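A.B. asks: My questions all concern the structure below.
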Amino acid sequence: MTEELDLTQQDSDAGSEEVVLTPAELIERLEQAWMNEKFAPELLESKSEIVECVIEQLDHMEENLKRAKKGDLKVSIHRMEMERIRYVLSSYLRCRLMKIEKFFPHILEKEKMRPEGESSYLSPEEFAFAKEYMAHTEAYLKNVALKHMPPNLQKVDLLRAVPKPDLDSYVFLRVKERQENILVEPETDEQRDYVIDLEEGSQHLIRYKTIAPLVASGAIQLI
């Protein structure tokens with residue numbers, strides 16, 4: 001597999017740009033998205049372009065294996081690699097669905113407040129799932145509990161009832177690009193704000209909200 005793949009990415013300043021990736025680079029992008037999603041306390045921006053390209057690449061690999069000689073050791077090796085990629089892909093998508101189920105009111109509210117022209121954090125399928133999940137949750141609460149309550153208690157504010165993602169939680173990270181003057185907020189009233197530099201290749205344990213924009217930009221990898 002040496003052919004290159006076209007991947008269109010959205011850039012807020014430069015519009016859309018086409019990035020050419022090799023299959024190995026594509027899988028590396030998927031693994032990075034998977035690790036970030038796995039360790040971030042909030043739902044990150046959907047990497048639907050990467051997901052679609054990986055699915056297409058898996059289909060292409062499957063077709064190539066059908067034409068290969070039976071009993072060839074390379075076939076077994078490639079099948080093992082395909083299963084590994086499928087696991088990473090499934091785990092990434094499953095992790096996102098679990099976060100949607102856990103934080104659905106806040107995710108939909110964020111989507112509702114998203115400025116026009118800004119990229120959605122949800123794929124179209126995830127957005128439809130989140131809306132359906134919220135509708136079913138509201139219907140269940142109404143039919144099972146709320147209809148038996150006094151009239152003034154028959155409404156529930158899901159934004160207040162469902163916990164928000166804990167952006168103050170700490171995460172481990174590896175720095176991919178050197179960052180200067182990162183403002184760290186105090187943890188107690190006795191402490192003051194302070195500024196740190198993050199050297200390329202270094203690893204740290206930092207409060208998530210401090211470095212959330214760097215995770216989104218790809219300058220930092222959660223580990």
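Identifiers in this document derive from the order of the structure tokens: chains are assigned A, B, ..., residues are numbered from 1 separately in each chain, and ligands are numbered from 1 in order of occurrence.
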Give me the residues near Pro41 of chain A as a count of residues only, where near means some atom within 8 Å (using only C-alpha atoms) and where sequence neighbours in that chain fewer than 2 positions away do not count.
C.D. replies: 7
A.B. asks: If we count only C-alpha atoms, what is near segment 114-120 of chain A at a cut-off of 9 Å, once residues fewer than 2 positions away on the same chain are taken out, given as a list in words?
C.D. replies: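 What passes the distance filter is Gln10, Ser12, Glu45, Ser46, Glu109, Lys110, Glu111, Lys112, Leu122, Ser123 and Pro124 of chain A.
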A.B. asks: I'd like to know which of A:Met113, A:Lys99, A:Glu185, A:Leu58 is closest to Tyr87 of chain A, using only C-alpha atoms.
C.D. replies: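 Between A:Met113, A:Lys99, A:Glu185, A:Leu58, the residue approaching Tyr87 of chain A most closely is A:Leu58.
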A.B. asks: Just to confirm, what's the straight-line distance from atom CA of Lys38 of chain A to atom CA of Glu83 of chain A in Å (one decimal)?
C.D. replies: 19.3 Å
A.B. asks: If you run DSSP on the backbone here, which positions in segment 42-136 of chain A get alpha helix (DSSP H)? Please write them as an MDAnalysis selection string.
C.D. replies: chainID A and resid 48:67 73:112 124:136
A.B. asks: Which is closest to Leu158 of chain A among A:Ile206, A:Leu183, A:Glu200, A:Leu108, if we use only C-alpha atoms?
C.D. replies: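 That would be A:Leu108, the residue with the smallest distance to Leu158 of chain A.
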A.B. asks: I want to know what sits within 12 Å of Leu65 of chain A, based on only C-alpha atoms, with residues of the same chain fewer than 3 positions away left out; could you give that as a list in words?
C.D. replies: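 What passes the distance filter is Met1, Leu58, Asp59, His60, Met61, Glu62, Ala68, Lys69, Lys70, Gly71, Asp72, Leu73, Lys74, Val75, Ser76, Ile77, His78, Arg79, Met80 and Met82 of chain A.
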A.B. asks: Any idea what's packed within 12 Å of segment 20-35 of chain A, counting only C-alpha atoms, ignoring anything in its chain fewer than 5 positions away? Could you give it as an NGL selection string?
C.D. replies: :A and (1-9 or 40-41 or 43-58 or 60-61 or 81-82 or 84-96 or 171-174 or 176 or 215-223)
A.B. asks: At what distance in Å, to one decimal, does atom CA of Ala161 of chain A lie from atom CA of Glu101 of chain A?
C.D. replies: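 That distance, rounded to one decimal, is 13.6 Å.
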A.B. asks: One number please: atom CA of Ala212 of chain A to atom CA of Ala130 of chain A, in Å, one decimal.
C.D. replies: 22.9 Å
A.B. asks: So, counting only C-alpha atoms, which residue among A:Asp197, A:Glu138, A:Asp168, A:Glu132 is closest to Glu42 of chain A?
C.D. replies: A:Asp168
